[in-house]
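Data file: run.pdb. Format and content: PDB, C-alpha atoms and all ligand atoms.
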```pdb
ATOM      1  CA  MET P 159     188.696 320.914 199.976  1.00  0.00           C
ATOM      2  CA  ASN P 160     187.543 318.513 197.310  1.00  0.00           C
ATOM      3  CA  SER P 161     189.881 315.622 196.615  1.00  0.00           C
ATOM      4  CA  PRO P 162     191.097 315.528 192.997  1.00  0.00           C
ATOM      5  CA  VAL P 163     189.462 313.197 190.499  1.00  0.00           C
ATOM      6  CA  ARG P 164     191.324 309.896 190.458  1.00  0.00           C
ATOM      7  CA  GLY P 165     193.758 309.542 187.555  1.00  0.00           C
ATOM      8  CA  ARG P 166     193.521 306.727 185.036  1.00  0.00           C
ATOM      9  CA  PHE P 167     195.748 303.669 185.103  1.00  0.00           C
ATOM     10  CA  ILE P 168     197.092 302.411 181.762  1.00  0.00           C
ATOM     11  CA  THR P 169     199.413 299.425 181.414  1.00  0.00           C
ATOM     12  CA  LEU P 170     201.534 298.479 178.410  1.00  0.00           C
ATOM     13  CA  GLU P 171     202.193 294.793 177.856  1.00  0.00           C
ATOM     14  CA  GLY P 172     203.836 292.554 175.274  1.00  0.00           C
ATOM     15  CA  GLY P 173     207.063 290.699 174.613  1.00  0.00           C
ATOM     16  CA  GLU P 174     210.608 292.051 174.470  1.00  0.00           C
ATOM     17  CA  GLY P 175     211.236 294.595 171.722  1.00  0.00           C
ATOM     18  CA  THR P 176     207.567 295.124 170.858  1.00  0.00           C
ATOM     19  CA  GLY P 177     207.940 298.850 171.557  1.00  0.00           C
ATOM     20  CA  LYS P 178     206.439 299.361 175.020  1.00  0.00           C
ATOM     21  CA  SER P 179     209.001 301.933 176.202  1.00  0.00           C
ATOM     22  CA  THR P 180     208.829 303.797 172.886  1.00  0.00           C
ATOM     23  CA  LEU P 181     205.031 303.977 173.058  1.00  0.00           C
ATOM     24  CA  GLN P 182     205.080 305.037 176.701  1.00  0.00           C
ATOM     25  CA  ARG P 183     207.027 308.189 175.822  1.00  0.00           C
ATOM     26  CA  ALA P 184     204.755 308.974 172.865  1.00  0.00           C
ATOM     27  CA  LEU P 185     201.620 308.662 174.991  1.00  0.00           C
ATOM     28  CA  GLN P 186     203.007 310.958 177.655  1.00  0.00           C
ATOM     29  CA  GLY P 187     203.404 313.629 174.967  1.00  0.00           C
ATOM     30  CA  GLN P 188     199.872 313.141 173.666  1.00  0.00           C
ATOM     31  CA  LEU P 189     198.343 313.271 177.131  1.00  0.00           C
ATOM     32  CA  ALA P 190     200.369 316.396 177.964  1.00  0.00           C
ATOM     33  CA  GLU P 191     198.754 318.089 174.951  1.00  0.00           C
ATOM     34  CA  GLN P 192     195.426 317.456 176.687  1.00  0.00           C
ATOM     35  CA  GLY P 193     196.755 319.012 179.884  1.00  0.00           C
ATOM     36  CA  ILE P 194     197.012 315.641 181.619  1.00  0.00           C
ATOM     37  CA  LYS P 195     199.976 314.959 183.912  1.00  0.00           C
ATOM     38  CA  THR P 196     201.335 311.450 183.681  1.00  0.00           C
ATOM     39  CA  LEU P 197     203.626 309.327 185.761  1.00  0.00           C
ATOM     40  CA  LEU P 198     205.710 306.947 183.659  1.00  0.00           C
ATOM     41  CA  THR P 199     206.815 303.881 185.528  1.00  0.00           C
ATOM     42  CA  ARG P 200     207.753 300.263 184.933  1.00  0.00           C
ATOM     43  CA  GLU P 201     207.743 296.764 186.344  1.00  0.00           C
ATOM     44  CA  PRO P 202     209.400 294.973 187.833  1.00  0.00           C
ATOM     45  CA  GLY P 203     210.521 298.104 189.661  1.00  0.00           C
ATOM     46  CA  GLY P 204     209.189 301.634 189.927  1.00  0.00           C
ATOM     47  CA  SER P 205     209.848 302.310 193.617  1.00  0.00           C
ATOM     48  CA  PRO P 206     213.358 302.060 195.131  1.00  0.00           C
ATOM     49  CA  ARG P 207     212.694 298.754 196.904  1.00  0.00           C
ATOM     50  CA  ALA P 208     210.971 297.292 193.847  1.00  0.00           C
ATOM     51  CA  GLU P 209     213.936 298.361 191.666  1.00  0.00           C
ATOM     52  CA  ALA P 210     216.201 296.409 194.046  1.00  0.00           C
ATOM     53  CA  VAL P 211     213.991 293.354 193.498  1.00  0.00           C
ATOM     54  CA  ARG P 212     214.151 293.970 189.734  1.00  0.00           C
ATOM     55  CA  ALA P 213     217.936 293.775 189.767  1.00  0.00           C
ATOM     56  CA  LEU P 214     217.738 290.539 191.742  1.00  0.00           C
ATOM     57  CA  VAL P 215     215.191 288.829 189.486  1.00  0.00           C
ATOM     58  CA  LEU P 216     216.451 289.947 186.071  1.00  0.00           C
ATOM     59  CA  ASN P 217     220.119 289.304 186.834  1.00  0.00           C
ATOM     60  CA  PRO P 218     220.108 286.713 189.605  1.00  0.00           C
ATOM     61  CA  PRO P 219     223.391 285.894 191.329  1.00  0.00           C
ATOM     62  CA  GLY P 220     224.861 282.482 190.491  1.00  0.00           C
ATOM     63  CA  ASP P 221     224.421 280.436 187.317  1.00  0.00           C
ATOM     64  CA  THR P 222     220.711 279.677 187.590  1.00  0.00           C
ATOM     65  CA  SER P 223     217.624 281.856 187.846  1.00  0.00           C
ATOM     66  CA  PHE P 224     214.982 281.686 190.576  1.00  0.00           C
ATOM     67  CA  SER P 225     212.285 279.027 190.256  1.00  0.00           C
ATOM     68  CA  PRO P 226     209.145 280.318 188.504  1.00  0.00           C
ATOM     69  CA  LEU P 227     207.274 280.271 191.842  1.00  0.00           C
ATOM     70  CA  ALA P 228     210.038 282.260 193.557  1.00  0.00           C
ATOM     71  CA  GLU P 229     209.999 284.680 190.607  1.00  0.00           C
ATOM     72  CA  ALA P 230     206.236 285.104 190.917  1.00  0.00           C
ATOM     73  CA  LEU P 231     206.526 285.822 194.651  1.00  0.00           C
ATOM     74  CA  LEU P 232     209.323 288.348 194.103  1.00  0.00           C
ATOM     75  CA  MET P 233     207.447 290.080 191.256  1.00  0.00           C
ATOM     76  CA  ASN P 234     204.382 290.365 193.473  1.00  0.00           C
ATOM     77  CA  ALA P 235     206.409 291.636 196.436  1.00  0.00           C
ATOM     78  CA  ALA P 236     207.881 294.312 194.172  1.00  0.00           C
ATOM     79  CA  ARG P 237     204.413 295.139 192.779  1.00  0.00           C
ATOM     80  CA  SER P 238     202.914 295.522 196.233  1.00  0.00           C
ATOM     81  CA  ASP P 239     205.578 298.090 197.169  1.00  0.00           C
ATOM     82  CA  HIS P 240     205.285 299.854 193.799  1.00  0.00           C
ATOM     83  CA  LEU P 241     201.507 300.161 194.160  1.00  0.00           C
ATOM     84  CA  ASP P 242     201.744 301.495 197.732  1.00  0.00           C
ATOM     85  CA  GLN P 243     204.644 303.865 197.189  1.00  0.00           C
ATOM     86  CA  LEU P 244     204.003 305.205 193.711  1.00  0.00           C
ATOM     87  CA  ILE P 245     200.969 304.089 191.729  1.00  0.00           C
ATOM     88  CA  ARG P 246     198.162 304.531 194.276  1.00  0.00           C
ATOM     89  CA  PRO P 247     199.373 307.920 195.572  1.00  0.00           C
ATOM     90  CA  ALA P 248     199.749 309.218 191.985  1.00  0.00           C
ATOM     91  CA  LEU P 249     196.258 308.063 190.960  1.00  0.00           C
ATOM     92  CA  ALA P 250     194.781 309.531 194.139  1.00  0.00           C
ATOM     93  CA  ALA P 251     196.474 312.860 193.332  1.00  0.00           C
ATOM     94  CA  GLY P 252     194.801 312.874 189.900  1.00  0.00           C
ATOM     95  CA  GLN P 253     197.844 311.873 187.859  1.00  0.00           C
ATOM     96  CA  TRP P 254     197.501 309.342 185.091  1.00  0.00           C
ATOM     97  CA  VAL P 255     199.889 306.410 185.405  1.00  0.00           C
ATOM     98  CA  ILE P 256     201.375 304.612 182.401  1.00  0.00           C
ATOM     99  CA  CYS P 257     203.150 301.472 183.531  1.00  0.00           C
ATOM    100  CA  ASP P 258     205.500 299.515 181.248  1.00  0.00           C
ATOM    101  CA  ARG P 259     204.538 295.925 182.181  1.00  0.00           C
ATOM    102  CA  PHE P 260     202.255 295.011 185.090  1.00  0.00           C
ATOM    103  CA  SER P 261     200.368 291.971 186.354  1.00  0.00           C
ATOM    104  CA  ASP P 262     199.721 290.476 182.894  1.00  0.00           C
ATOM    105  CA  SER P 263     203.481 290.040 182.530  1.00  0.00           C
ATOM    106  CA  THR P 264     203.518 287.929 185.705  1.00  0.00           C
ATOM    107  CA  ARG P 265     200.615 285.833 184.411  1.00  0.00           C
ATOM    108  CA  VAL P 266     202.501 285.311 181.165  1.00  0.00           C
ATOM    109  CA  TYR P 267     206.162 284.966 182.152  1.00  0.00           C
ATOM    110  CA  GLN P 268     205.689 282.968 185.350  1.00  0.00           C
ATOM    111  CA  GLY P 269     202.694 281.025 184.063  1.00  0.00           C
ATOM    112  CA  VAL P 270     203.432 280.530 180.404  1.00  0.00           C
ATOM    113  CA  THR P 271     205.006 277.110 180.429  1.00  0.00           C
ATOM    114  CA  GLY P 272     202.531 275.988 183.090  1.00  0.00           C
ATOM    115  CA  ALA P 273     205.328 276.588 185.572  1.00  0.00           C
ATOM    116  CA  VAL P 274     203.094 278.244 188.144  1.00  0.00           C
ATOM    117  CA  SER P 275     199.410 277.399 188.198  1.00  0.00           C
ATOM    118  CA  PRO P 276     197.123 280.162 186.919  1.00  0.00           C
ATOM    119  CA  ASP P 277     195.040 279.796 190.108  1.00  0.00           C
ATOM    120  CA  VAL P 278     198.041 280.644 192.277  1.00  0.00           C
ATOM    121  CA  LEU P 279     198.986 283.589 190.050  1.00  0.00           C
ATOM    122  CA  LEU P 280     195.455 284.980 189.980  1.00  0.00           C
ATOM    123  CA  ASP P 281     195.109 284.579 193.727  1.00  0.00           C
ATOM    124  CA  MET P 282     198.291 286.589 194.314  1.00  0.00           C
ATOM    125  CA  GLU P 283     197.082 289.179 191.812  1.00  0.00           C
ATOM    126  CA  ARG P 284     193.767 289.556 193.644  1.00  0.00           C
ATOM    127  CA  HIS P 285     195.526 290.271 196.929  1.00  0.00           C
ATOM    128  CA  VAL P 286     198.316 292.475 195.590  1.00  0.00           C
ATOM    129  CA  VAL P 287     196.537 294.488 192.890  1.00  0.00           C
ATOM    130  CA  ALA P 288     193.188 294.423 194.711  1.00  0.00           C
ATOM    131  CA  ASP P 289     191.073 297.277 193.331  1.00  0.00           C
ATOM    132  CA  THR P 290     193.954 298.990 191.518  1.00  0.00           C
ATOM    133  CA  ARG P 291     193.299 297.092 188.315  1.00  0.00           C
ATOM    134  CA  PRO P 292     194.335 298.869 185.112  1.00  0.00           C
ATOM    135  CA  ASP P 293     191.592 300.914 183.457  1.00  0.00           C
ATOM    136  CA  LEU P 294     193.108 300.037 180.091  1.00  0.00           C
ATOM    137  CA  THR P 295     195.804 297.596 178.999  1.00  0.00           C
ATOM    138  CA  LEU P 296     197.434 297.962 175.590  1.00  0.00           C
ATOM    139  CA  ILE P 297     198.965 294.683 174.462  1.00  0.00           C
ATOM    140  CA  LEU P 298     201.628 295.160 171.808  1.00  0.00           C
ATOM    141  CA  ASP P 299     201.709 292.255 169.387  1.00  0.00           C
ATOM    142  CA  ALA P 300     204.403 291.642 166.770  1.00  0.00           C
ATOM    143  CA  PRO P 301     206.065 288.628 165.142  1.00  0.00           C
ATOM    144  CA  VAL P 302     208.713 287.321 167.526  1.00  0.00           C
ATOM    145  CA  THR P 303     211.576 287.496 165.032  1.00  0.00           C
ATOM    146  CA  LEU P 304     210.841 291.168 164.307  1.00  0.00           C
ATOM    147  CA  ALA P 305     210.630 292.060 167.999  1.00  0.00           C
ATOM    148  CA  LEU P 306     213.840 290.201 168.828  1.00  0.00           C
ATOM    149  CA  GLU P 307     215.664 291.935 165.962  1.00  0.00           C
ATOM    150  CA  ARG P 308     214.560 295.277 167.363  1.00  0.00           C
ATOM    151  CA  ARG P 309     215.623 294.226 170.845  1.00  0.00           C
ATOM    152  CA  ALA P 310     219.050 293.165 169.495  1.00  0.00           C
ATOM    153  CA  ALA P 311     219.459 296.463 167.621  1.00  0.00           C
ATOM    154  CA  ARG P 312     218.827 298.352 170.876  1.00  0.00           C
ATOM    155  CA  GLY P 313     221.966 296.676 172.292  1.00  0.00           C
ATOM    156  CA  GLY P 314     222.851 296.014 175.941  1.00  0.00           C
ATOM    157  CA  LYS P 315     223.088 292.797 177.917  1.00  0.00           C
ATOM    158  CA  LEU P 316     220.147 290.372 177.739  1.00  0.00           C
ATOM    159  CA  ASP P 317     218.348 289.621 181.020  1.00  0.00           C
ATOM    160  CA  VAL P 318     217.225 286.111 182.056  1.00  0.00           C
ATOM    161  CA  PHE P 319     213.950 286.333 180.143  1.00  0.00           C
ATOM    162  CA  GLU P 320     215.330 287.983 177.003  1.00  0.00           C
ATOM    163  CA  ALA P 321     218.010 285.313 176.728  1.00  0.00           C
ATOM    164  CA  ARG P 322     215.472 282.478 176.305  1.00  0.00           C
ATOM    165  CA  GLY P 323     214.838 280.721 172.985  1.00  0.00           C
ATOM    166  CA  LEU P 324     212.396 281.396 170.179  1.00  0.00           C
ATOM    167  CA  ALA P 325     209.801 278.863 171.417  1.00  0.00           C
ATOM    168  CA  PHE P 326     209.607 280.679 174.758  1.00  0.00           C
ATOM    169  CA  HIS P 327     209.035 284.039 173.058  1.00  0.00           C
ATOM    170  CA  GLU P 328     206.374 282.512 170.784  1.00  0.00           C
ATOM    171  CA  ALA P 329     204.581 281.146 173.857  1.00  0.00           C
ATOM    172  CA  VAL P 330     204.791 284.586 175.473  1.00  0.00           C
ATOM    173  CA  ARG P 331     203.249 286.216 172.392  1.00  0.00           C
ATOM    174  CA  ALA P 332     200.410 283.667 172.325  1.00  0.00           C
ATOM    175  CA  ALA P 333     199.746 284.070 176.054  1.00  0.00           C
ATOM    176  CA  PHE P 334     199.455 287.865 175.763  1.00  0.00           C
ATOM    177  CA  ALA P 335     197.106 287.503 172.781  1.00  0.00           C
ATOM    178  CA  ASP P 336     194.992 285.093 174.875  1.00  0.00           C
ATOM    179  CA  ILE P 337     194.639 287.647 177.649  1.00  0.00           C
ATOM    180  CA  ALA P 338     193.485 290.251 175.111  1.00  0.00           C
ATOM    181  CA  ARG P 339     190.912 287.785 173.747  1.00  0.00           C
ATOM    182  CA  HIS P 340     189.570 286.855 177.177  1.00  0.00           C
ATOM    183  CA  GLU P 341     189.395 290.390 178.589  1.00  0.00           C
ATOM    184  CA  PRO P 342     188.278 292.636 175.718  1.00  0.00           C
ATOM    185  CA  GLY P 343     186.728 295.086 178.196  1.00  0.00           C
ATOM    186  CA  ARG P 344     190.119 295.949 179.645  1.00  0.00           C
ATOM    187  CA  CYS P 345     192.588 295.037 176.903  1.00  0.00           C
ATOM    188  CA  THR P 346     193.233 296.245 173.359  1.00  0.00           C
ATOM    189  CA  LEU P 347     195.611 294.323 171.111  1.00  0.00           C
ATOM    190  CA  ILE P 348     197.785 296.666 169.037  1.00  0.00           C
ATOM    191  CA  ASP P 349     199.643 295.700 165.855  1.00  0.00           C
ATOM    192  CA  ALA P 350     203.179 296.560 166.950  1.00  0.00           C
ATOM    193  CA  SER P 351     204.783 295.552 163.639  1.00  0.00           C
ATOM    194  CA  LEU P 352     203.733 298.955 162.249  1.00  0.00           C
ATOM    195  CA  PRO P 353     205.998 302.023 162.341  1.00  0.00           C
ATOM    196  CA  PRO P 354     206.136 303.870 165.682  1.00  0.00           C
ATOM    197  CA  ALA P 355     203.798 306.690 164.567  1.00  0.00           C
ATOM    198  CA  ASP P 356     201.127 304.176 163.502  1.00  0.00           C
ATOM    199  CA  VAL P 357     201.447 302.224 166.750  1.00  0.00           C
ATOM    200  CA  ALA P 358     201.050 305.459 168.709  1.00  0.00           C
ATOM    201  CA  HIS P 359     198.014 306.362 166.578  1.00  0.00           C
ATOM    202  CA  LEU P 360     196.293 303.015 167.267  1.00  0.00           C
ATOM    203  CA  ALA P 361     197.100 303.293 170.959  1.00  0.00           C
ATOM    204  CA  TRP P 362     195.724 306.827 171.091  1.00  0.00           C
ATOM    205  CA  ALA P 363     192.506 305.708 169.386  1.00  0.00           C
ATOM    206  CA  ALA P 364     192.056 303.067 172.111  1.00  0.00           C
ATOM    207  CA  ILE P 365     192.711 305.647 174.839  1.00  0.00           C
ATOM    208  CA  ALA P 366     190.365 308.207 173.279  1.00  0.00           C
ATOM    209  CA  ALA P 367     187.615 305.584 173.033  1.00  0.00           C
ATOM    210  CA  ARG P 368     188.061 304.304 176.580  1.00  0.00           C
ATOM    211  CA  PHE P 369     188.312 307.698 178.248  1.00  0.00           C
ATOM    212  CA  ALA P 370     185.972 309.687 176.009  1.00  0.00           C
ATOM    213  CA  ASP P 371     184.298 311.029 179.166  1.00  0.00           C
ATOM    214  CA  VAL P 372     187.455 312.847 180.328  1.00  0.00           C
ATOM    215  CA  LEU P 373     189.435 313.638 177.183  1.00  0.00           C
ATOM    216  CA  ALA P 374     188.713 316.718 175.121  1.00  0.00           C
ATOM    217  CA  ARG P 375     187.693 316.056 171.531  1.00  0.00           C
ATOM    218  CA  PRO P 376     190.476 316.911 169.083  1.00  0.00           C
TER
HETATM  219  N1  LIG H   1     207.049 300.497 165.909  1.00  0.00           N
HETATM  220  C1  LIG H   1     208.388 300.372 165.813  1.00  0.00           C
HETATM  221  N2  LIG H   1     208.999 300.147 164.612  1.00  0.00           N
HETATM  222  C2  LIG H   1     210.338 300.023 164.526  1.00  0.00           C
HETATM  223  N3  LIG H   1     211.193 300.078 165.569  1.00  0.00           N
HETATM  224  C3  LIG H   1     210.649 300.281 166.795  1.00  0.00           C
HETATM  225  C4  LIG H   1     209.239 300.433 166.993  1.00  0.00           C
HETATM  226  N4  LIG H   1     209.000 300.622 168.303  1.00  0.00           N
HETATM  227  C5  LIG H   1     210.200 300.579 168.917  1.00  0.00           C
HETATM  228  N5  LIG H   1     211.205 300.402 168.010  1.00  0.00           N
HETATM  229  C6  LIG H   1     212.635 300.254 168.308  1.00  0.00           C
HETATM  230  O1  LIG H   1     212.819 298.905 168.739  1.00  0.00           O
HETATM  231  C7  LIG H   1     213.657 298.840 169.891  1.00  0.00           C
HETATM  232  C8  LIG H   1     212.869 298.235 171.053  1.00  0.00           C
HETATM  233  O2  LIG H   1     211.811 299.123 171.414  1.00  0.00           O
HETATM  234  P1  LIG H   1     211.409 299.334 172.938  1.00  0.00           P
HETATM  235  O3  LIG H   1     210.409 300.440 172.967  1.00  0.00           O
HETATM  236  O4  LIG H   1     212.635 299.479 173.778  1.00  0.00           O
HETATM  237  O5  LIG H   1     210.698 297.927 173.228  1.00  0.00           O
HETATM  238  P2  LIG H   1     210.272 297.259 174.613  1.00  0.00           P
HETATM  239  O6  LIG H   1     210.246 298.356 175.632  1.00  0.00           O
HETATM  240  O7  LIG H   1     208.920 296.683 174.352  1.00  0.00           O
HETATM  241  O8  LIG H   1     211.270 296.181 174.884  1.00  0.00           O
HETATM  242  C9  LIG H   1     214.127 300.258 170.150  1.00  0.00           C
HETATM  243  O9  LIG H   1     215.392 300.420 169.563  1.00  0.00           O
HETATM  244  C10 LIG H   1     213.078 301.132 169.477  1.00  0.00           C
HETATM  245  O10 LIG H   1     213.618 302.348 169.037  1.00  0.00           O
HETATM  246 MG    MG H   2     211.210 298.534 177.432  1.00  0.00          MG
END
```

Mind turning the file's structure into structure tokens?
Amino acid sequence: MNSPVRGRFITLEGGEGTGKSTLQRALQGQLAEQGIKTLLTREPGGSPRAEAVRALVLNPPGDTSFSPLAEALLMNAARSDHLDQLIRPALAAGQWVICDRFSDSTRVYQGVTGAVSPDVLLDMERHVVADTRPDLTLILDAPVTLALERRAARGGKLDVFEARGLAFHEAVRAAFADIARHEPGRCTLIDASLPPADVAHLAWAAIAARFADVLARP
């Protein structure tokens, strides 16, 4: 029996409240219209063990968070399990995977203030992600104040990253934009200040362009 054609791996990146989860749901609908089955997942987390690590890192016990290096190690441990348990099997079975945050978030959040050296982060990424690099990364970009207002309107308790100050979120935005600039072959920067339908439209245009070989023309 022939093995199925490998699915495509799409990651959604960007700061808090930029609309990653909203876009993820919209894209699943658009891909379903093309007869494509998708797995929606997220990081940190995805698999049961990685979700346990998520709870630990985002709401650490005690009054302080983990050091940035410890965070980076935990994020990568969770990612390794997530890739083995969920992402690689789904891609091998022909499913498309849309992951809300992935390795760019580790580069940005654990590296952004120079806390962990980019060399260390990239080395971990090479070992953990290996050849399961995203086929396409959509980076959602919006002014920090707008994104934080949206995040506040969504309600719920802030995690350790969300609770940080404006300067941190500005640095996060700039770091994501830098990744998009340096890796235009993989990444597309999307104006996430637009209404949800427009964001979804821009994202779909990027997907249609990248995967023109597999997607039916509208
Ligand atoms: N393009 C948009 N314009 C206005 N509001 C949005 C947009 N995208 C998402 N929202 C709203 O903003 C909040 C945060 O969106 P969400 O998708 O949860 O962001 P993220 O997953 O990136 O943190 C939600 O209440 C969502 O309904
Ligand atoms: Mg989200």

Closest atom pairs, chain P residues within 7 Å of ligand MG 2 (chain H), only C-alpha atoms and all ligand atoms, as JSON lines:
```
{"residue": "P:Gly175", "atom": "CA", "partner": "H:MG2", "partner_atom": "MG", "distance": 6.9}
{"residue": "P:Gly177", "atom": "CA", "partner": "H:MG2", "partner_atom": "MG", "distance": 6.7}
{"residue": "P:Lys178", "atom": "CA", "partner": "H:MG2", "partner_atom": "MG", "distance": 5.4}
{"residue": "P:Ser179", "atom": "CA", "partner": "H:MG2", "partner_atom": "MG", "distance": 4.2}
{"residue": "P:Asp258", "atom": "CA", "partner": "H:MG2", "partner_atom": "MG", "distance": 6.9}
```

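Minimum distance to Gly323 (chain P) across P:Val302, P:Leu360, P:Val287, P:Ile194 (counting only C-alpha atoms) occurs at P:Val302.
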
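Listed by chain and then residue number, the contacts of ligand LIG 1 (chain H) are Gly172, Gly173, Glu174, Gly175, Thr176, Gly177, Lys178, Ser179, Thr180, Leu181, Arg308, Arg309, Ala311, Arg312, Ala350, Ser351, Leu352, Pro353, Pro354 and Val357 of chain P (distance at most 7 Å, using only C-alpha atoms and all ligand atoms).
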
Correct to one decimal, the distance CA of Phe319 (chain P)-CA of His359 (chain P) is 29.0 Å

Select, from P:Leu294, P:Ala374, P:Val211, P:Leu304, the residue with the minimum atom-to-atom distance to Arg166 (chain P), counting all atoms listed in the file.
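For Arg166 (chain P), the nearest of the candidates is P:Leu294.
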
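Here the question is which of P:Arg183, P:Ala250, P:Glu191, P:Ala230 gets nearest to Pro162 (chain P) using all atoms listed in the file, and that residue is P:Ala250.
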
- Scan for residues within 6 Å of the point (204.4, 306.0, 179.0) in the coordinates of the file, using only C-alpha atoms, and reply as a VMD selection string. chain P and resid 182 to 183 185 to 186 198 256

Give the answer as one residue: which of P:Ala184, P:Leu347, P:Leu232, P:Leu316 has the shortest atom-to-atom distance to Phe334 (chain P), using all atoms listed in the file?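 Using all atoms listed in the file, Phe334 (chain P) sits closest to P:Leu347.
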
Residues within 10 Å of (201.8, 297.2, 194.2), file coords, all atoms listed in the file, listed as a compact mmCIF listing (two decimals) with C-alpha atoms, in the frame of the given file:
```
# COMPACT_ATOMS: atom_id res chain seq x y z
CA GLU P 201 207.74 296.76 186.34
CA GLY P 203 210.52 298.10 189.66
CA GLY P 204 209.19 301.63 189.93
CA SER P 205 209.85 302.31 193.62
CA ALA P 208 210.97 297.29 193.85
CA MET P 233 207.45 290.08 191.26
CA ASN P 234 204.38 290.36 193.47
CA ALA P 235 206.41 291.64 196.44
CA ALA P 236 207.88 294.31 194.17
CA ARG P 237 204.41 295.14 192.78
CA SER P 238 202.91 295.52 196.23
CA ASP P 239 205.58 298.09 197.17
CA HIS P 240 205.28 299.85 193.80
CA LEU P 241 201.51 300.16 194.16
CA ASP P 242 201.74 301.50 197.73
CA GLN P 243 204.64 303.86 197.19
CA LEU P 244 204.00 305.20 193.71
CA ILE P 245 200.97 304.09 191.73
CA ARG P 246 198.16 304.53 194.28
CA PHE P 260 202.26 295.01 185.09
CA SER P 261 200.37 291.97 186.35
CA GLU P 283 197.08 289.18 191.81
CA HIS P 285 195.53 290.27 196.93
CA VAL P 286 198.32 292.48 195.59
CA VAL P 287 196.54 294.49 192.89
CA ALA P 288 193.19 294.42 194.71
CA THR P 290 193.95 298.99 191.52
```

**Request:** Quote the spacing between CA of Val372 (chain P) and CA of Cys257 (chain P) in Å to one decimal place.
**Result:**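 So the two atoms, CA of Val372 (chain P) and CA of Cys257 (chain P), lie 19.6 Å apart.
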
Ranking P:Val255, P:Leu170, P:Leu280, P:Val270 by minimum distance to Leu197 (chain P) and counting only C-alpha atoms, which one comes first?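 Residue with the minimum atom-to-atom distance to Leu197 (chain P): P:Val255.
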
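Take CA of Val163 (chain P) and CA of His340 (chain P): the distance between them is 29.5 Å.
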
Counting only C-alpha atoms, which of P:Glu209, P:Tyr267, P:Thr346, P:Arg284 gets nearest to His327 (chain P)?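 Closest residue, counting only C-alpha atoms: P:Tyr267.
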
Assuming the chain letters and numbering stay as they are in my file, what does the PyMOL selection byres (((chain P and resi 333) around 10) and not hetatm) actually select? List them as a PyMOL selection string.
chain P and resi 172-173+262-263+265-267+269-271+327-332+334-339

Output file for the selection above: C-alpha atoms, as a PDB file, in the frame of the given file:
```
ATOM      1  CA  GLY P 172     203.836 292.554 175.274  1.00  0.00           C
ATOM      2  CA  GLY P 173     207.063 290.699 174.613  1.00  0.00           C
ATOM      3  CA  ASP P 262     199.721 290.476 182.894  1.00  0.00           C
ATOM      4  CA  SER P 263     203.481 290.040 182.530  1.00  0.00           C
ATOM      5  CA  ARG P 265     200.615 285.833 184.411  1.00  0.00           C
ATOM      6  CA  VAL P 266     202.501 285.311 181.165  1.00  0.00           C
ATOM      7  CA  TYR P 267     206.162 284.966 182.152  1.00  0.00           C
ATOM      8  CA  GLY P 269     202.694 281.025 184.063  1.00  0.00           C
ATOM      9  CA  VAL P 270     203.432 280.530 180.404  1.00  0.00           C
ATOM     10  CA  THR P 271     205.006 277.110 180.429  1.00  0.00           C
ATOM     11  CA  HIS P 327     209.035 284.039 173.058  1.00  0.00           C
ATOM     12  CA  GLU P 328     206.374 282.512 170.784  1.00  0.00           C
ATOM     13  CA  ALA P 329     204.581 281.146 173.857  1.00  0.00           C
ATOM     14  CA  VAL P 330     204.791 284.586 175.473  1.00  0.00           C
ATOM     15  CA  ARG P 331     203.249 286.216 172.392  1.00  0.00           C
ATOM     16  CA  ALA P 332     200.410 283.667 172.325  1.00  0.00           C
ATOM     17  CA  PHE P 334     199.455 287.865 175.763  1.00  0.00           C
ATOM     18  CA  ALA P 335     197.106 287.503 172.781  1.00  0.00           C
ATOM     19  CA  ASP P 336     194.992 285.093 174.875  1.00  0.00           C
ATOM     20  CA  ILE P 337     194.639 287.647 177.649  1.00  0.00           C
ATOM     21  CA  ALA P 338     193.485 290.251 175.111  1.00  0.00           C
ATOM     22  CA  ARG P 339     190.912 287.785 173.747  1.00  0.00           C
TER      23      ARG P 339
END
```

For this session: On this file, the PyMOL selection byres (((chain P and resi 317) around 10) and not hetatm) gives some set of residues; write that set as JSON, numbers by chain.
Result: {"P": [213, 215, 216, 217, 218, 314, 315, 316, 318, 319, 320, 321, 322]}
